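**Student:** File target17.pdb below, PDB, C-alpha atoms and all ligand atoms:
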```pdb
MODEL        1
ATOM      1  CA  MET A  11       4.157  42.189 -13.142
ATOM      2  CA  ASN A  12       4.196  38.523 -12.326
ATOM      3  CA  LYS A  13       1.831  37.838  -9.462
ATOM      4  CA  GLU A  14       2.886  34.222  -8.993
ATOM      5  CA  SER A  15       6.155  34.061  -7.104
ATOM      6  CA  SER A  16       8.671  31.523  -8.361
ATOM      7  CA  ILE A  17      10.409  31.434  -4.971
ATOM      8  CA  GLU A  18       9.941  28.220  -3.008
ATOM      9  CA  ALA A  19      10.978  27.650   0.597
ATOM     10  CA  GLY A  20      12.345  24.602   2.333
ATOM     11  CA  ARG A  21      13.955  23.618   5.613
ATOM     12  CA  CYS A  22      15.379  20.864   7.756
ATOM     13  CA  GLN A  23      13.221  19.164  10.346
ATOM     14  CA  CYS A  24      14.264  21.347  13.299
ATOM     15  CA  GLY A  25      14.300  24.614  11.355
ATOM     16  CA  ASP A  26      17.928  25.608  12.078
ATOM     17  CA  ASN A  27      18.563  25.485   8.328
ATOM     18  CA  THR A  28      16.133  27.125   5.935
ATOM     19  CA  TYR A  29      16.450  28.028   2.294
ATOM     20  CA  THR A  30      14.643  29.480  -0.657
ATOM     21  CA  LEU A  31      15.163  28.653  -4.305
ATOM     22  CA  ASP A  32      13.856  29.937  -7.596
ATOM     23  CA  LYS A  33      11.853  27.085  -9.089
ATOM     24  CA  ASN A  34      12.044  28.615 -12.558
ATOM     25  CA  LYS A  35      15.800  28.064 -12.437
ATOM     26  CA  VAL A  36      15.650  24.361 -11.651
ATOM     27  CA  ILE A  37      17.564  22.543 -14.397
ATOM     28  CA  SER A  38      16.119  19.088 -13.854
ATOM     29  CA  ALA A  39      14.805  16.663 -11.236
ATOM     30  CA  HIS A  40      15.919  13.085 -10.608
ATOM     31  CA  HIS A  41      15.469  10.018  -8.498
ATOM     32  CA  CYS A  42      18.848   8.578  -7.520
ATOM     33  CA  HIS A  43      18.829   4.916  -6.524
ATOM     34  CA  CYS A  44      22.539   4.656  -5.755
ATOM     35  CA  LYS A  45      23.571   2.879  -2.574
ATOM     36  CA  ASP A  46      24.997   6.049  -1.003
ATOM     37  CA  CYS A  47      21.692   7.873  -1.459
ATOM     38  CA  GLN A  48      19.888   4.865  -0.013
ATOM     39  CA  ARG A  49      22.106   4.965   3.070
ATOM     40  CA  THR A  50      21.875   8.703   3.651
ATOM     41  CA  THR A  51      18.111   8.777   3.215
ATOM     42  CA  GLY A  52      17.457   5.386   4.809
ATOM     43  CA  SER A  53      15.076   4.865   1.928
ATOM     44  CA  GLY A  54      14.971   3.449  -1.601
ATOM     45  CA  LYS A  55      16.244   6.577  -3.304
ATOM     46  CA  ALA A  56      16.971  10.267  -3.020
ATOM     47  CA  THR A  57      14.982  12.761  -5.060
ATOM     48  CA  ILE A  58      17.094  15.709  -6.088
ATOM     49  CA  LEU A  59      16.748  18.969  -7.988
ATOM     50  CA  PHE A  60      19.660  20.264 -10.043
ATOM     51  CA  ILE A  61      19.962  24.015  -9.710
ATOM     52  CA  ALA A  62      22.779  26.556  -9.936
ATOM     53  CA  LYS A  63      24.046  27.564  -6.509
ATOM     54  CA  LYS A  64      23.339  31.244  -7.094
ATOM     55  CA  TYR A  65      19.586  30.560  -7.212
ATOM     56  CA  VAL A  66      19.578  28.919  -3.778
ATOM     57  CA  ASP A  67      19.651  31.089  -0.686
ATOM     58  CA  LEU A  68      20.609  29.066   2.370
ATOM     59  CA  ASN A  69      20.184  30.381   5.899
ATOM     60  CA  GLY A  70      21.944  28.341   8.515
ATOM     61  CA  GLU A  71      24.991  26.175   8.679
ATOM     62  CA  LEU A  72      25.180  22.721   7.169
ATOM     63  CA  LYS A  73      27.681  20.062   8.041
ATOM     64  CA  PHE A  74      29.129  18.179   5.081
ATOM     65  CA  PHE A  75      30.074  14.562   4.659
ATOM     66  CA  GLU A  76      32.320  13.857   1.716
ATOM     67  CA  SER A  77      32.509  10.567  -0.120
ATOM     68  CA  LYS A  78      33.827   9.397  -3.432
ATOM     69  CA  GLY A  79      31.239   8.784  -6.145
ATOM     70  CA  SER A  80      31.465   5.915  -8.623
ATOM     71  CA  SER A  81      32.825   8.245 -11.295
ATOM     72  CA  GLY A  82      35.659   9.333  -9.005
ATOM     73  CA  SER A  83      34.119  12.684  -8.189
ATOM     74  CA  HIS A  84      33.794  13.844  -4.606
ATOM     75  CA  VAL A  85      30.209  14.146  -3.440
ATOM     76  CA  ARG A  86      29.616  16.388  -0.449
ATOM     77  CA  ARG A  87      26.306  15.776   1.302
ATOM     78  CA  GLY A  88      25.101  18.637   3.472
ATOM     79  CA  PHE A  89      22.920  18.011   6.487
ATOM     80  CA  CYS A  90      21.706  19.892   9.528
ATOM     81  CA  PRO A  91      24.100  19.151  12.427
ATOM     82  CA  ASN A  92      21.230  19.427  14.890
ATOM     83  CA  CYS A  93      18.512  17.241  13.373
ATOM     84  CA  GLY A  94      20.427  15.364  10.669
ATOM     85  CA  SER A  95      18.122  16.236   7.769
ATOM     86  CA  GLY A  96      19.894  16.076   4.422
ATOM     87  CA  ILE A  97      19.227  19.342   2.598
ATOM     88  CA  LEU A  98      21.525  19.443  -0.397
ATOM     89  CA  SER A  99      24.634  17.958  -1.886
ATOM     90  CA  TYR A 100      27.059  18.768  -4.662
ATOM     91  CA  SER A 101      30.013  17.383  -6.475
ATOM     92  CA  LYS A 102      33.232  19.099  -5.441
ATOM     93  CA  GLU A 103      34.280  19.105  -9.082
ATOM     94  CA  ILE A 104      31.112  20.968 -10.193
ATOM     95  CA  SER A 105      30.421  22.994  -7.072
ATOM     96  CA  ARG A 106      28.310  25.619  -8.823
ATOM     97  CA  ILE A 107      25.463  23.129  -9.211
ATOM     98  CA  LEU A 108      23.594  22.012  -6.123
ATOM     99  CA  TYR A 109      21.473  18.904  -5.758
ATOM    100  CA  VAL A 110      18.654  19.969  -3.475
ATOM    101  CA  LYS A 111      16.720  17.194  -1.730
ATOM    102  CA  ALA A 112      13.169  17.618  -2.979
ATOM    103  CA  GLY A 113      11.560  16.326   0.199
ATOM    104  CA  THR A 114      12.853  19.292   2.218
ATOM    105  CA  LEU A 115      10.704  21.761   0.252
ATOM    106  CA  ASP A 116       7.582  23.032   2.016
ATOM    107  CA  ASP A 117       5.671  22.493  -1.213
ATOM    108  CA  SER A 118       7.138  20.139  -3.793
ATOM    109  CA  SER A 119       3.928  19.534  -5.763
ATOM    110  CA  TRP A 120       5.259  21.458  -8.770
ATOM    111  CA  ILE A 121       8.172  19.076  -9.403
ATOM    112  CA  THR A 122       8.286  16.834 -12.463
ATOM    113  CA  ILE A 123      10.916  14.097 -12.383
ATOM    114  CA  ASP A 124      13.042  13.854 -15.527
ATOM    115  CA  SER A 125      14.969  10.646 -15.020
ATOM    116  CA  ASN A 126      16.230   7.903 -12.724
ATOM    117  CA  PHE A 127      19.891   7.416 -11.843
ATOM    118  CA  PHE A 128      21.504   4.130 -10.770
ATOM    119  CA  THR A 129      18.551   1.900 -11.598
ATOM    120  CA  LYS A 130      20.943  -1.061 -11.308
ATOM    121  CA  SER A 131      20.944  -0.694  -7.530
ATOM    122  CA  ALA A 132      17.207   0.016  -7.183
ATOM    123  CA  ASN A 133      15.375  -2.239  -4.756
ATOM    124  CA  ASN A 134      12.444  -4.512  -5.555
ATOM    125  CA  TRP A 135      10.425  -2.620  -2.981
ATOM    126  CA  ASN A 136      11.171   0.714  -4.623
ATOM    127  CA  LYS A 137      11.340   0.046  -8.342
ATOM    128  CA  PRO A 138      12.292   2.885 -10.687
ATOM    129  CA  ASP A 139       9.501   4.610 -12.595
ATOM    130  CA  GLU A 140      10.060   3.207 -16.080
ATOM    131  CA  SER A 141       7.816   5.747 -17.767
ATOM    132  CA  ILE A 142      10.722   8.208 -17.554
ATOM    133  CA  LYS A 143      14.335   7.939 -18.678
ATOM    134  CA  CYS A 144      16.440   5.428 -16.751
ATOM    135  CA  PHE A 145      20.197   5.486 -16.350
ATOM    136  CA  ASP A 146      21.847   2.268 -15.279
ATOM    137  CA  GLY A 147      24.433   4.119 -13.236
ATOM    138  CA  ASN A 148      25.860   7.587 -13.223
ATOM    139  CA  PRO A 149      24.302   9.515 -16.120
ATOM    140  CA  SER A 150      26.553  11.073 -18.700
ATOM    141  CA  ILE A 151      24.726  14.370 -18.228
ATOM    142  CA  MET A 152      26.984  14.843 -15.212
ATOM    143  CA  SER A 153      29.879  15.535 -17.540
ATOM    144  CA  GLY A 154      27.534  17.411 -19.851
ATOM    145  CA  LEU A 155      26.774  19.712 -16.948
ATOM    146  CA  LYS A 156      30.145  21.332 -17.301
ATOM    147  CA  SER A 157      29.165  22.655 -20.698
ATOM    148  CA  ILE A 158      25.688  23.599 -19.486
ATOM    149  CA  LEU A 159      27.423  25.619 -16.783
ATOM    150  CA  LYS A 160      29.006  27.918 -19.294
ATOM    151  CA  SER A 161      25.571  29.413 -19.866
ATOM    152  CA  PHE A 162      25.163  30.102 -16.149
ATOM    153  CA  THR A 163      27.689  32.828 -15.526
TER     154      THR A 163
HETATM  155 ZN    ZN B   1      17.739  20.839  11.580
HETATM  156 ZN    ZN B   2      22.689   8.752  -5.424
ENDMDL
END
```
Mind turning the file's structure into structure tokens?
**Tutor:**
Amino acid sequence: MNKESSIEAGRCQCGDNTYTLDKNKVISAHHCHCKDCQRTTGSGKATILFIAKKYVDLNGELKFFESKGSSGSHVRRGFCPNCGSGILSYSKEISRILYVKAGTLDDSSWITIDSNFFTKSANNWNKPDESIKCFDGNPSIMSGLKSILKSFT
């Protein structure tokens, strides 16, 4: 029996929306420096975890704002309608993968960041970590995800 639980909990600021996820099922973790992430976070970047939807258990009701990403896909950003905290987002075209906002986890100390997205729009005051892989814009792994998904059924 595994004594260490792989289930991690997170929530919005007011607590109306809570969730748990299985950290062993996280595909990868990224900093996204795109302008949309900067606007929604009000910060230099968003830090997101890629994970299949079935490993995330959300309790509550998020409101979604949809915008068009640079690649033409439709990104839906979910936030708590009461306190405005962004919890997760996903691309409408690949809706089985969620991008969970790492900062909403109660404990995010276990996360290792794999790469940076949209380094071309990173700010001088929040420079990308160049010790990890950097993508100028939208990484090609987004299209690669569709094939990854076939192993997640
Ligand atoms: Zn809330
Ligand atoms: Zn972004």
**Student:** I'd like to know which of A:Lys45, A:Lys73, A:Arg106, A:Lys130 is closest to ligand ZN 1 (chain B), using all atoms listed in the file.
**Tutor:**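 Residue with the minimum atom-to-atom distance to ligand ZN 1 (chain B): A:Lys73.
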**Student:** Given the PyMOL selection byres (((not hetatm)) within 12 of (chain B and resi 1)) and the file above, list the residues it selects as a ChimeraX atom specification.
**Tutor:** /A:20-29,69-73,88-97,114
**Student:** Hey, what comes out of the PyMOL selection byres (((not hetatm)) within 9 of (chain B and resi 2)) on this file? Could you write it as a list in words?
**Tutor:**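 Checking the PyMOL selection byres (((not hetatm)) within 9 of (chain B and resi 2)) against this file, the residues are His41, Cys42, His43, Cys44, Lys45, Asp46, Cys47, Gln48, Lys55, Ala56, Thr57, Ile58, Gly79, Phe127, Phe128 and Asn148 of chain A.
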**Student:** In Å to one decimal, how far is atom CA of Lys102 of chain A from atom CA of Asp146 of chain A?
**Tutor:**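 Atom-to-atom, atom CA of Asp146 of chain A and atom CA of Lys102 of chain A are spaced 22.6 Å apart.
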**Student:** Taking the file as I've supplied it (selection: the PyMOL selection byres (((chain A and resi 83) around 12) and not hetatm)), which residues are included? Please answer as a PDB file with C-alpha atoms, in the frame of the given file.
**Tutor:**
```
ATOM      1  CA  GLU A  76      32.320  13.857   1.716  1.00  0.00           C
ATOM      2  CA  SER A  77      32.509  10.567  -0.120  1.00  0.00           C
ATOM      3  CA  LYS A  78      33.827   9.397  -3.432  1.00  0.00           C
ATOM      4  CA  GLY A  79      31.239   8.784  -6.145  1.00  0.00           C
ATOM      5  CA  SER A  80      31.465   5.915  -8.623  1.00  0.00           C
ATOM      6  CA  SER A  81      32.825   8.245 -11.295  1.00  0.00           C
ATOM      7  CA  GLY A  82      35.659   9.333  -9.005  1.00  0.00           C
ATOM      8  CA  HIS A  84      33.794  13.844  -4.606  1.00  0.00           C
ATOM      9  CA  VAL A  85      30.209  14.146  -3.440  1.00  0.00           C
ATOM     10  CA  ARG A  86      29.616  16.388  -0.449  1.00  0.00           C
ATOM     11  CA  TYR A 100      27.059  18.768  -4.662  1.00  0.00           C
ATOM     12  CA  SER A 101      30.013  17.383  -6.475  1.00  0.00           C
ATOM     13  CA  LYS A 102      33.232  19.099  -5.441  1.00  0.00           C
ATOM     14  CA  GLU A 103      34.280  19.105  -9.082  1.00  0.00           C
ATOM     15  CA  ILE A 104      31.112  20.968 -10.193  1.00  0.00           C
ATOM     16  CA  SER A 105      30.421  22.994  -7.072  1.00  0.00           C
ATOM     17  CA  ASN A 148      25.860   7.587 -13.223  1.00  0.00           C
ATOM     18  CA  MET A 152      26.984  14.843 -15.212  1.00  0.00           C
ATOM     19  CA  SER A 153      29.879  15.535 -17.540  1.00  0.00           C
TER      20      SER A 153
END
```
**Student:** Interatomic distance between atom CA of Ser99 of chain A and atom CA of Ala39 of chain A?
**Tutor:**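 Interatomic distance here is 13.6 Å.
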**Student:** For the atom pair atom CA of Pro149 of chain A and atom CA of Ser131 of chain A, what is the interatomic distance in Å to one decimal place?
**Tutor:**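 So the two atoms, atom CA of Pro149 of chain A and atom CA of Ser131 of chain A, lie 13.8 Å apart.
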**Student:** Which of these, A:Trp120, A:Phe75, A:Gly52, A:Tyr109, has the shortest distance to Lys33 of chain A once you count all atoms listed in the file?
**Tutor:**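 Closest residue, counting all atoms listed in the file: A:Trp120.
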**Student:** For Leu68 of chain A, which residue among A:Asp116, A:Thr50, A:Thr30, A:Asp124 is the nearest when counting all atoms listed in the file?
**Tutor:** A:Thr30
**Student:** With all atoms listed in the file as the counted atoms, please give the residues lying no more than 8 Å from Ser38 of chain A, apart from itself and same-chain residues fewer than 6 positions off, as number ranges by chain.
**Tutor:** A: 59-61, 123-124
**Student:** Of the residues A:Ile37, A:Ala112, A:Phe74, A:Phe145, which is the one nearest to Asn126 of chain A, using only C-alpha atoms?
**Tutor:**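 Using only C-alpha atoms, the shortest distance to Asn126 of chain A belongs to A:Phe145.
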**Student:** Determine, counting all atoms listed in the file, which protein, DNA and RNA residues have an atom within 6 Å of an atom of Asp32 of chain A; residues of the same chain fewer than 5 positions away are not included. Present the result as number ranges by chain.
**Tutor:** A: 16-17, 65
**Student:** I want to know what sits within 7 Å of Lys63 of chain A, based on only C-alpha atoms, with residues of the same chain fewer than 3 positions away left out; could you give that as a list in words?
**Tutor:** Val66, Arg106, Ile107 and Leu108 of chain A
**Student:** With C-alpha atoms retained, write the just-selected residues as a tab-separated table (two decimals), in the coordinates of the input.
**Tutor:**
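Below is the file part04.tsv, written as the result:
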```
chain	number	residue	atom	x	y	z
A	66	VAL	CA	19.58	28.92	-3.78
A	106	ARG	CA	28.31	25.62	-8.82
A	107	ILE	CA	25.46	23.13	-9.21
A	108	LEU	CA	23.59	22.01	-6.12
```
